[in-house]
>>> print(open('my_file35.pdb').read())   # PDB, C-alpha atoms, pLDDT in the B column
MODEL        1
ATOM      1  CA  MET A   8       6.866  -6.267   4.483  1.00 89.00           C
ATOM      2  CA  ILE A   9       8.690  -8.244   1.797  1.00 94.00           C
ATOM      3  CA  PRO A  10       8.661  -7.671  -1.968  1.00 95.00           C
ATOM      4  CA  ILE A  11       8.325 -10.827  -4.063  1.00 96.00           C
ATOM      5  CA  LEU A  12       9.258  -9.835  -7.604  1.00 97.00           C
ATOM      6  CA  MET A  13       7.363 -11.291 -10.556  1.00 96.00           C
ATOM      7  CA  TYR A  14       9.230 -11.681 -13.836  1.00 97.00           C
ATOM      8  CA  HIS A  15       8.356 -13.563 -17.010  1.00 96.00           C
ATOM      9  CA  GLN A  16      10.946 -13.267 -19.771  1.00 96.00           C
ATOM     10  CA  VAL A  17      14.440 -11.793 -19.463  1.00 97.00           C
ATOM     11  CA  GLY A  18      15.518 -11.095 -23.023  1.00 93.00           C
ATOM     12  CA  ILE A  19      15.231  -8.744 -25.957  1.00 89.00           C
ATOM     13  CA  PRO A  20      11.642  -7.423 -26.092  1.00 83.00           C
ATOM     14  CA  ALA A  21       9.531  -8.232 -29.144  1.00 79.00           C
ATOM     15  CA  ALA A  22       8.769  -5.612 -31.788  1.00 81.00           C
ATOM     16  CA  LYS A  23       6.808  -2.539 -30.762  1.00 85.00           C
ATOM     17  CA  GLY A  24       3.090  -3.196 -30.771  1.00 78.00           C
ATOM     18  CA  SER A  25       3.462  -6.881 -29.890  1.00 78.00           C
ATOM     19  CA  PRO A  26       0.965  -8.044 -27.245  1.00 80.00           C
ATOM     20  CA  TYR A  27       2.439  -8.418 -23.773  1.00 82.00           C
ATOM     21  CA  ARG A  28       5.758  -6.932 -24.891  1.00 83.00           C
ATOM     22  CA  GLY A  29       5.945  -5.348 -21.459  1.00 84.00           C
ATOM     23  CA  LEU A  30       6.461  -8.731 -19.789  1.00 88.00           C
ATOM     24  CA  THR A  31       9.958  -9.056 -21.252  1.00 92.00           C
ATOM     25  CA  VAL A  32      12.641  -7.316 -19.192  1.00 95.00           C
ATOM     26  CA  HIS A  33      15.884  -6.498 -20.992  1.00 95.00           C
ATOM     27  CA  PRO A  34      18.890  -8.439 -19.582  1.00 96.00           C
ATOM     28  CA  ALA A  35      20.743  -5.186 -18.837  1.00 96.00           C
ATOM     29  CA  ASP A  36      17.781  -3.916 -16.828  1.00 95.00           C
ATOM     30  CA  PHE A  37      17.535  -7.167 -14.897  1.00 97.00           C
ATOM     31  CA  ARG A  38      21.237  -7.016 -14.056  1.00 97.00           C
ATOM     32  CA  ARG A  39      20.871  -3.388 -12.957  1.00 96.00           C
ATOM     33  CA  GLN A  40      17.890  -4.195 -10.740  1.00 95.00           C
ATOM     34  CA  MET A  41      19.607  -7.114  -9.018  1.00 97.00           C
ATOM     35  CA  SER A  42      22.857  -5.177  -8.623  1.00 96.00           C
ATOM     36  CA  TRP A  43      21.104  -2.253  -6.936  1.00 95.00           C
ATOM     37  CA  MET A  44      19.350  -4.529  -4.455  1.00 94.00           C
ATOM     38  CA  TYR A  45      22.694  -6.170  -3.693  1.00 96.00           C
ATOM     39  CA  ARG A  46      24.371  -2.769  -3.163  1.00 94.00           C
ATOM     40  CA  LEU A  47      21.579  -1.774  -0.805  1.00 93.00           C
ATOM     41  CA  GLY A  48      22.294  -4.835   1.315  1.00 94.00           C
ATOM     42  CA  TYR A  49      19.343  -6.995   0.248  1.00 94.00           C
ATOM     43  CA  ARG A  50      19.512 -10.718  -0.483  1.00 96.00           C
ATOM     44  CA  GLY A  51      17.386 -12.146  -3.266  1.00 97.00           C
ATOM     45  CA  LEU A  52      15.743 -15.417  -2.272  1.00 98.00           C
ATOM     46  CA  SER A  53      13.564 -18.134  -3.738  1.00 98.00           C
ATOM     47  CA  VAL A  54      10.151 -18.606  -2.165  1.00 97.00           C
ATOM     48  CA  ARG A  55      11.534 -21.711  -0.463  1.00 97.00           C
ATOM     49  CA  ASP A  56      14.394 -19.738   1.094  1.00 97.00           C
ATOM     50  CA  LEU A  57      12.072 -16.846   1.897  1.00 97.00           C
ATOM     51  CA  ALA A  58       9.704 -19.050   3.941  1.00 95.00           C
ATOM     52  CA  PRO A  59      11.058 -18.258   7.435  1.00 96.00           C
ATOM     53  CA  TYR A  60      10.869 -14.536   6.674  1.00 96.00           C
ATOM     54  CA  LEU A  61       7.301 -14.847   5.383  1.00 95.00           C
ATOM     55  CA  THR A  62       6.222 -16.524   8.624  1.00 93.00           C
ATOM     56  CA  GLY A  63       8.095 -14.083  10.855  1.00 92.00           C
ATOM     57  CA  ALA A  64      10.524 -16.705  12.139  1.00 94.00           C
ATOM     58  CA  ARG A  65      13.403 -14.631  10.763  1.00 92.00           C
ATOM     59  CA  THR A  66      13.926 -10.990   9.884  1.00 91.00           C
ATOM     60  CA  GLY A  67      16.377  -9.324   7.547  1.00 92.00           C
ATOM     61  CA  LYS A  68      16.878  -7.368   4.333  1.00 93.00           C
ATOM     62  CA  VAL A  69      15.518  -9.898   1.876  1.00 95.00           C
ATOM     63  CA  PHE A  70      13.288  -9.985  -1.174  1.00 96.00           C
ATOM     64  CA  GLY A  71      11.801 -12.759  -3.271  1.00 97.00           C
ATOM     65  CA  ILE A  72      12.542 -13.402  -6.947  1.00 98.00           C
ATOM     66  CA  THR A  73      10.095 -15.390  -9.075  1.00 98.00           C
ATOM     67  CA  PHE A  74       9.761 -16.173 -12.776  1.00 98.00           C
ATOM     68  CA  ASP A  75       6.580 -17.452 -14.404  1.00 97.00           C
ATOM     69  CA  ASP A  76       6.456 -20.075 -17.182  1.00 96.00           C
ATOM     70  CA  GLY A  77      10.062 -21.310 -17.341  1.00 96.00           C
ATOM     71  CA  TYR A  78      11.357 -19.343 -20.332  1.00 97.00           C
ATOM     72  CA  ARG A  79      14.719 -20.362 -21.747  1.00 97.00           C
ATOM     73  CA  ASN A  80      15.892 -16.751 -21.798  1.00 97.00           C
ATOM     74  CA  ALA A  81      15.638 -16.665 -18.000  1.00 97.00           C
ATOM     75  CA  PHE A  82      18.059 -19.583 -17.930  1.00 97.00           C
ATOM     76  CA  GLN A  83      20.370 -17.843 -20.385  1.00 97.00           C
ATOM     77  CA  ASN A  84      20.206 -14.287 -19.079  1.00 97.00           C
ATOM     78  CA  ALA A  85      18.988 -14.290 -15.475  1.00 97.00           C
ATOM     79  CA  LEU A  86      20.757 -17.329 -14.038  1.00 98.00           C
ATOM     80  CA  PRO A  87      24.309 -15.960 -14.525  1.00 97.00           C
ATOM     81  CA  VAL A  88      23.324 -12.742 -12.753  1.00 98.00           C
ATOM     82  CA  LEU A  89      21.714 -14.597  -9.852  1.00 98.00           C
ATOM     83  CA  ALA A  90      24.681 -16.945  -9.511  1.00 97.00           C
ATOM     84  CA  GLY A  91      27.133 -14.054  -9.560  1.00 96.00           C
ATOM     85  CA  LEU A  92      25.361 -12.273  -6.719  1.00 97.00           C
ATOM     86  CA  GLY A  93      24.606 -15.378  -4.681  1.00 97.00           C
ATOM     87  CA  PHE A  94      20.844 -14.918  -5.081  1.00 98.00           C
ATOM     88  CA  THR A  95      18.285 -17.689  -5.356  1.00 98.00           C
ATOM     89  CA  SER A  96      14.928 -17.555  -7.130  1.00 98.00           C
ATOM     90  CA  THR A  97      11.858 -19.622  -7.964  1.00 98.00           C
ATOM     91  CA  ASN A  98      10.852 -20.414 -11.527  1.00 98.00           C
ATOM     92  CA  TYR A  99       7.346 -21.812 -12.022  1.00 98.00           C
ATOM     93  CA  PHE A 100       7.361 -24.376 -14.828  1.00 98.00           C
ATOM     94  CA  VAL A 101       4.447 -25.585 -16.948  1.00 98.00           C
ATOM     95  CA  ALA A 102       5.190 -29.271 -16.442  1.00 97.00           C
ATOM     96  CA  ARG A 103       3.999 -30.598 -19.809  1.00 96.00           C
ATOM     97  CA  LYS A 104       5.401 -27.748 -21.887  1.00 96.00           C
ATOM     98  CA  LEU A 105       9.092 -28.293 -21.160  1.00 97.00           C
ATOM     99  CA  ASP A 106      11.228 -27.752 -24.251  1.00 95.00           C
ATOM    100  CA  GLY A 107       8.149 -26.264 -25.906  1.00 95.00           C
ATOM    101  CA  ASP A 108       6.905 -22.695 -26.085  1.00 95.00           C
ATOM    102  CA  ASN A 109       4.189 -20.352 -24.839  1.00 92.00           C
ATOM    103  CA  SER A 110       1.539 -21.634 -27.247  1.00 93.00           C
ATOM    104  CA  TRP A 111      -1.154 -20.811 -24.663  1.00 92.00           C
ATOM    105  CA  ASP A 112      -0.738 -17.161 -25.733  1.00 88.00           C
ATOM    106  CA  ASP A 113      -1.351 -17.782 -29.444  1.00 89.00           C
ATOM    107  CA  LYS A 114      -4.909 -16.434 -29.417  1.00 85.00           C
ATOM    108  CA  LYS A 115      -3.631 -13.152 -28.003  1.00 89.00           C
ATOM    109  CA  GLY A 116      -1.051 -12.793 -30.762  1.00 86.00           C
ATOM    110  CA  VAL A 117       1.905 -13.044 -28.384  1.00 88.00           C
ATOM    111  CA  PRO A 118       5.122 -14.060 -30.203  1.00 89.00           C
ATOM    112  CA  ARG A 119       6.314 -17.583 -29.478  1.00 92.00           C
ATOM    113  CA  ALA A 120       9.175 -17.909 -26.990  1.00 93.00           C
ATOM    114  CA  GLU A 121      11.092 -21.058 -26.077  1.00 96.00           C
ATOM    115  CA  LEU A 122      10.757 -22.758 -22.698  1.00 97.00           C
ATOM    116  CA  MET A 123      13.513 -24.598 -20.844  1.00 98.00           C
ATOM    117  CA  SER A 124      14.214 -28.218 -21.663  1.00 98.00           C
ATOM    118  CA  PRO A 125      14.170 -30.928 -18.962  1.00 98.00           C
ATOM    119  CA  ALA A 126      17.984 -30.821 -18.918  1.00 97.00           C
ATOM    120  CA  GLU A 127      17.929 -27.050 -18.378  1.00 98.00           C
ATOM    121  CA  VAL A 128      15.375 -27.409 -15.584  1.00 98.00           C
ATOM    122  CA  ARG A 129      17.752 -29.823 -13.864  1.00 98.00           C
ATOM    123  CA  GLN A 130      20.636 -27.391 -14.337  1.00 97.00           C
ATOM    124  CA  TRP A 131      18.478 -24.611 -12.920  1.00 98.00           C
ATOM    125  CA  ALA A 132      17.874 -26.668  -9.785  1.00 97.00           C
ATOM    126  CA  ALA A 133      21.498 -27.823  -9.575  1.00 97.00           C
ATOM    127  CA  ALA A 134      22.553 -24.156  -9.544  1.00 97.00           C
ATOM    128  CA  GLY A 135      20.587 -23.669  -6.307  1.00 96.00           C
ATOM    129  CA  GLN A 136      17.486 -22.166  -7.888  1.00 98.00           C
ATOM    130  CA  GLU A 137      14.024 -23.445  -6.986  1.00 98.00           C
ATOM    131  CA  VAL A 138      11.715 -25.308  -9.352  1.00 98.00           C
ATOM    132  CA  GLY A 139       8.032 -24.600  -8.773  1.00 98.00           C
ATOM    133  CA  SER A 140       4.880 -25.676 -10.589  1.00 98.00           C
ATOM    134  CA  HIS A 141       2.648 -23.646 -12.895  1.00 97.00           C
ATOM    135  CA  ALA A 142       0.273 -26.583 -13.448  1.00 97.00           C
ATOM    136  CA  LEU A 143       0.486 -29.128 -16.282  1.00 97.00           C
ATOM    137  CA  ASP A 144      -0.803 -27.015 -19.164  1.00 95.00           C
ATOM    138  CA  HIS A 145      -1.062 -23.323 -18.171  1.00 95.00           C
ATOM    139  CA  VAL A 146      -4.829 -23.450 -17.731  1.00 95.00           C
ATOM    140  CA  ARG A 147      -7.369 -21.305 -15.914  1.00 96.00           C
ATOM    141  CA  LEU A 148      -7.982 -23.517 -12.918  1.00 97.00           C
ATOM    142  CA  THR A 149     -11.274 -21.969 -11.805  1.00 97.00           C
ATOM    143  CA  GLN A 150     -12.790 -22.668 -15.235  1.00 96.00           C
ATOM    144  CA  LEU A 151     -12.168 -26.414 -15.040  1.00 96.00           C
ATOM    145  CA  SER A 152     -14.044 -29.077 -13.131  1.00 97.00           C
ATOM    146  CA  PRO A 153     -12.750 -29.576  -9.570  1.00 97.00           C
ATOM    147  CA  GLU A 154     -11.428 -33.006 -10.532  1.00 97.00           C
ATOM    148  CA  ILE A 155      -9.398 -31.705 -13.477  1.00 98.00           C
ATOM    149  CA  SER A 156      -8.106 -28.709 -11.511  1.00 98.00           C
ATOM    150  CA  ALA A 157      -6.956 -30.965  -8.695  1.00 98.00           C
ATOM    151  CA  PHE A 158      -5.227 -33.219 -11.232  1.00 98.00           C
ATOM    152  CA  GLN A 159      -3.464 -30.263 -12.902  1.00 98.00           C
ATOM    153  CA  ILE A 160      -2.173 -29.140  -9.530  1.00 98.00           C
ATOM    154  CA  ALA A 161      -1.121 -32.473  -8.023  1.00 98.00           C
ATOM    155  CA  GLN A 162       0.138 -34.228 -11.150  1.00 98.00           C
ATOM    156  CA  SER A 163       2.367 -31.321 -12.171  1.00 98.00           C
ATOM    157  CA  ARG A 164       4.105 -31.562  -8.825  1.00 98.00           C
ATOM    158  CA  LEU A 165       4.620 -35.308  -9.215  1.00 98.00           C
ATOM    159  CA  GLU A 166       6.035 -34.991 -12.729  1.00 98.00           C
ATOM    160  CA  LEU A 167       8.445 -32.238 -11.776  1.00 98.00           C
ATOM    161  CA  GLU A 168       9.574 -34.194  -8.717  1.00 98.00           C
ATOM    162  CA  GLN A 169      10.203 -37.231 -10.909  1.00 97.00           C
ATOM    163  CA  LEU A 170      12.298 -35.078 -13.236  1.00 98.00           C
ATOM    164  CA  LEU A 171      14.377 -33.655 -10.383  1.00 97.00           C
ATOM    165  CA  ASP A 172      14.272 -36.494  -7.863  1.00 96.00           C
ATOM    166  CA  SER A 173      13.670 -33.834  -5.212  1.00 96.00           C
ATOM    167  CA  PRO A 174      10.642 -32.136  -3.617  1.00 96.00           C
ATOM    168  CA  VAL A 175       8.647 -29.428  -5.381  1.00 98.00           C
ATOM    169  CA  THR A 176       6.767 -27.292  -2.869  1.00 97.00           C
ATOM    170  CA  ALA A 177       6.039 -23.966  -4.621  1.00 98.00           C
ATOM    171  CA  PHE A 178       3.018 -23.311  -6.850  1.00 98.00           C
ATOM    172  CA  CYS A 179       1.919 -20.349  -8.939  1.00 98.00           C
ATOM    173  CA  TYR A 180      -1.638 -19.943 -10.245  1.00 98.00           C
ATOM    174  CA  PRO A 181      -1.635 -19.631 -14.064  1.00 96.00           C
ATOM    175  CA  TYR A 182      -3.107 -16.255 -15.074  1.00 94.00           C
ATOM    176  CA  GLY A 183      -3.451 -15.528 -11.343  1.00 92.00           C
ATOM    177  CA  ASP A 184      -6.732 -17.439 -11.591  1.00 94.00           C
ATOM    178  CA  GLU A 185      -7.612 -18.797  -8.153  1.00 95.00           C
ATOM    179  CA  ASN A 186     -10.147 -18.855  -5.347  1.00 96.00           C
ATOM    180  CA  LEU A 187     -10.401 -20.417  -1.901  1.00 96.00           C
ATOM    181  CA  GLN A 188     -11.267 -23.824  -3.351  1.00 97.00           C
ATOM    182  CA  ILE A 189      -8.217 -23.775  -5.632  1.00 97.00           C
ATOM    183  CA  ARG A 190      -5.987 -22.654  -2.760  1.00 98.00           C
ATOM    184  CA  ALA A 191      -7.223 -25.628  -0.728  1.00 97.00           C
ATOM    185  CA  MET A 192      -6.386 -27.972  -3.608  1.00 98.00           C
ATOM    186  CA  VAL A 193      -2.847 -26.616  -3.730  1.00 98.00           C
ATOM    187  CA  ARG A 194      -2.454 -27.097   0.004  1.00 97.00           C
ATOM    188  CA  ASP A 195      -3.886 -30.622  -0.146  1.00 97.00           C
ATOM    189  CA  ALA A 196      -1.519 -31.529  -2.996  1.00 98.00           C
ATOM    190  CA  GLY A 197       1.448 -31.020  -0.671  1.00 97.00           C
ATOM    191  CA  TYR A 198       2.724 -27.605  -1.652  1.00 98.00           C
ATOM    192  CA  THR A 199       3.812 -25.190   1.083  1.00 97.00           C
ATOM    193  CA  SER A 200       3.261 -21.900  -0.772  1.00 97.00           C
ATOM    194  CA  ALA A 201       1.544 -20.348  -3.776  1.00 98.00           C
ATOM    195  CA  THR A 202       1.974 -16.975  -5.436  1.00 97.00           C
ATOM    196  CA  THR A 203      -0.707 -14.882  -7.099  1.00 95.00           C
ATOM    197  CA  THR A 204      -0.812 -11.855  -9.400  1.00 93.00           C
ATOM    198  CA  LEU A 205      -2.203  -9.683  -6.613  1.00 92.00           C
ATOM    199  CA  ARG A 206      -0.010  -6.619  -6.375  1.00 91.00           C
ATOM    200  CA  GLY A 207       1.678  -5.733  -3.135  1.00 89.00           C
ATOM    201  CA  LEU A 208       4.338  -6.525  -0.586  1.00 93.00           C
ATOM    202  CA  ALA A 209       4.016  -9.736   1.396  1.00 93.00           C
ATOM    203  CA  ARG A 210       3.217  -9.534   5.094  1.00 93.00           C
ATOM    204  CA  THR A 211       3.736 -12.163   7.764  1.00 92.00           C
ATOM    205  CA  SER A 212      -0.047 -12.208   8.192  1.00 91.00           C
ATOM    206  CA  ASP A 213      -0.625 -13.248   4.554  1.00 93.00           C
ATOM    207  CA  ASP A 214      -1.974 -16.633   3.554  1.00 95.00           C
ATOM    208  CA  LEU A 215       1.057 -18.563   2.273  1.00 96.00           C
ATOM    209  CA  PHE A 216      -1.190 -19.828  -0.531  1.00 97.00           C
ATOM    210  CA  GLY A 217      -2.145 -16.322  -1.629  1.00 96.00           C
ATOM    211  CA  LEU A 218       1.131 -14.413  -1.684  1.00 96.00           C
ATOM    212  CA  PRO A 219       1.083 -11.061  -3.536  1.00 95.00           C
ATOM    213  CA  ARG A 220       3.926 -10.017  -5.823  1.00 95.00           C
ATOM    214  CA  VAL A 221       5.531  -6.948  -7.368  1.00 93.00           C
ATOM    215  CA  THR A 222       5.280  -6.909 -11.163  1.00 92.00           C
ATOM    216  CA  VAL A 223       8.495  -5.966 -12.958  1.00 94.00           C
ATOM    217  CA  ALA A 224       7.862  -4.875 -16.547  1.00 91.00           C
ATOM    218  CA  ARG A 225       9.984  -3.784 -19.500  1.00 92.00           C
ATOM    219  CA  SER A 226       9.140  -0.156 -18.752  1.00 91.00           C
ATOM    220  CA  THR A 227      10.004  -0.328 -15.039  1.00 89.00           C
ATOM    221  CA  ASN A 228      12.948   2.057 -14.759  1.00 92.00           C
ATOM    222  CA  ILE A 229      15.371   1.691 -11.871  1.00 94.00           C
ATOM    223  CA  LEU A 230      13.802   4.452  -9.759  1.00 91.00           C
ATOM    224  CA  ARG A 231      10.336   2.968 -10.132  1.00 91.00           C
ATOM    225  CA  PHE A 232      11.767  -0.478  -9.442  1.00 92.00           C
ATOM    226  CA  LEU A 233      13.289   0.644  -6.158  1.00 91.00           C
ATOM    227  CA  GLN A 234      10.108   2.497  -5.261  1.00 89.00           C
ATOM    228  CA  LYS A 235       8.070  -0.669  -5.839  1.00 87.00           C
ATOM    229  CA  CYS A 236      10.437  -2.768  -3.736  1.00 87.00           C
ATOM    230  CA  LEU A 237      11.155  -0.422  -0.877  1.00 83.00           C
ATOM    231  CA  THR A 238       7.887   1.441  -0.259  1.00 71.00           C
ATOM    232  CA  ARG A 239       4.344   0.451   0.659  1.00 60.00           C
ATOM    233  CA  MET A 240       2.673   2.240  -2.224  1.00 48.00           C
ATOM    234  CA  GLU A 241       1.569  -0.868  -4.138  1.00 48.00           C
ATOM    235  CA  ASP A 242      -2.169  -1.552  -4.173  1.00 44.00           C
ATOM    236  CA  ARG A 243      -2.637  -5.039  -2.733  1.00 51.00           C
ATOM    237  CA  ARG A 244      -6.090  -5.442  -4.268  1.00 45.00           C
ATOM    238  CA  ARG A 245      -5.123  -5.163  -7.912  1.00 52.00           C
ATOM    239  CA  ARG A 246      -4.265  -8.125 -10.119  1.00 50.00           C
ATOM    240  CA  GLY A 247      -1.640  -8.217 -12.871  1.00 50.00           C
TER
ENDMDL
END
>>> encode(input="my_file35.pdb", output="structure tokens")
Amino acid sequence: MIPILMYHQVGIPAAKGSPYRGLTVHPADFRRQMSWMYRLGYRGLSVRDLAPYLTGARTGKVFGITFDDGYRNAFQNALPVLAGLGFTSTNYFVARKLDGDNSWDDKKGVPRAELMSPAEVRQWAAAGQEVGSHALDHVRLTQLSPEISAFQIAQSRLELEQLLDSPVTAFCYPYGDENLQIRAMVRDAGYTSATTTLRGLARTSDDLFGLPRVTVARSTNILRFLQKCLTRMEDRRRRG
């Protein structure tokens, strides 16, 4: 079983009481988490690099690292740590929000946070990290018409590939909102994997378009982090 970690922001958490404050992991905590996995002999990999392990073609002490939304603070604070340890990761970008912010969270009162610019996305990829898609506009795909959902999925891949001049094969469902029809759309659009917000460790028997992940939050201390990564206690049926 393989843990695929799910991060959002890596920065200084917003003020106490701010909605979704827990989704920002302090840079020192992120460094500590990655360093411990390295000391324990694990290699952090992008979903692309993790593929042979997810299918059972290879075995080893590996874990996946993913970031949702493409926040600039992940570029500033996480990338140096990953590069220093020789780890790769996947960041899922909202294709038409580059150099913008998380305005999709405004109604929830979440503080605005900057997203990477196109130039930073290119630098992310040039550093050996994977660029994945989080749709065009961070929408709930099951609440749209099939035609619009399919367009969000396929067009985001095309636009990111045009930016990078290289293939984009990883997808992440915004809000974890998906069903079998949406998974089929992702597959038909040419992706080779998709991650969800289902909690749990990935198994070789899992659908590659419904991969579960391990949520890492601001409050996840190092003991709980290691427990999440190295045990089978996570409930695979819970979202978030």
>>> atom_distance(input="my_file35.pdb", atom1="CA of Gly77 (chain A)", atom2="CA of Ile229 (chain A)")
24.2 Å
>>> closest_residue(input="my_file35.pdb", among="A:Thr73, A:Thr227, A:Thr211, A:Ser110", to="Leu86 (chain A)", atoms="all atoms listed in the file")
A:Thr73
>>> closest_residue(input="my_file35.pdb", among="A:Leu57, A:Val88, A:Leu237, A:Val193", to="Val17 (chain A)", atoms="all atoms listed in the file")
A:Val88
>>> atom_distance(input="my_file35.pdb", atom1="CA of Glu127 (chain A)", atom2="CA of Leu105 (chain A)")
9.3 Å
>>> closest_residue(input="my_file35.pdb", among="A:Leu171, A:Ile160, A:Cys179, A:Ala191", to="Ala126 (chain A)", atoms="all atoms listed in the file")
A:Leu171
>>> resolve_selection(input="my_file35.pdb", expression="the PyMOL selection byres ((chain A and resi 163) around 9)", output="PyMOL selection string")
chain A and resi 100-103+140-144+158-162+164-168
>>> resolve_selection(input="my_file35.pdb", expression="the PyMOL selection byres ((chain A and resi 47-51) around 8)", output="NGL selection string")
:A and (41 or 43-46 or 52-53 or 68-72 or 94-96)
>>> atom_distance(input="my_file35.pdb", atom1="CA of Cys236 (chain A)", atom2="CA of Leu215 (chain A)")
19.3 Å
>>> resolve_selection(input="my_file35.pdb", expression="the PyMOL selection byres ((chain A and resi 115-123) around 7)", output="mmCIF file with C-alpha atoms, in the coordinates of the input")
data_model
loop_
_atom_site.group_PDB
_atom_site.id
_atom_site.type_symbol
_atom_site.label_atom_id
_atom_site.label_comp_id
_atom_site.auth_asym_id
_atom_site.auth_seq_id
_atom_site.Cartn_x
_atom_site.Cartn_y
_atom_site.Cartn_z
ATOM 1 C CA SER A 25 3.462 -6.881 -29.890
ATOM 2 C CA PRO A 26 0.965 -8.044 -27.245
ATOM 3 C CA TYR A 27 2.439 -8.418 -23.773
ATOM 4 C CA GLY A 77 10.062 -21.310 -17.341
ATOM 5 C CA TYR A 78 11.357 -19.343 -20.332
ATOM 6 C CA ARG A 79 14.719 -20.362 -21.747
ATOM 7 C CA LEU A 105 9.092 -28.293 -21.160
ATOM 8 C CA ASP A 106 11.228 -27.752 -24.251
ATOM 9 C CA GLY A 107 8.149 -26.264 -25.906
ATOM 10 C CA ASP A 108 6.905 -22.695 -26.085
ATOM 11 C CA ASN A 109 4.189 -20.352 -24.839
ATOM 12 C CA SER A 110 1.539 -21.634 -27.247
ATOM 13 C CA ASP A 112 -0.738 -17.161 -25.733
ATOM 14 C CA ASP A 113 -1.351 -17.782 -29.444
ATOM 15 C CA LYS A 114 -4.909 -16.434 -29.417
ATOM 16 C CA SER A 124 14.214 -28.218 -21.663
ATOM 17 C CA PRO A 125 14.170 -30.928 -18.962
ATOM 18 C CA GLU A 127 17.929 -27.050 -18.378
ATOM 19 C CA VAL A 128 15.375 -27.409 -15.584
#
>>> axis_aligned_box(input="my_file35.pdb", around="region 64-83 of chain A", padding_each_side="6 Å", output="JSON")
{"center_x": 13.4, "center_y": -14.3, "center_z": -4.8, "size_x": 25.9, "size_y": 25.9, "size_z": 45.9}
>>> residues_around(input="my_file35.pdb", residues="Asp184 (chain A)", least_positions_apart="5", cutoff="10 Å", atoms="all atoms listed in the file", output="number ranges by chain")
A: 146-150, 179, 189, 203-204, 246
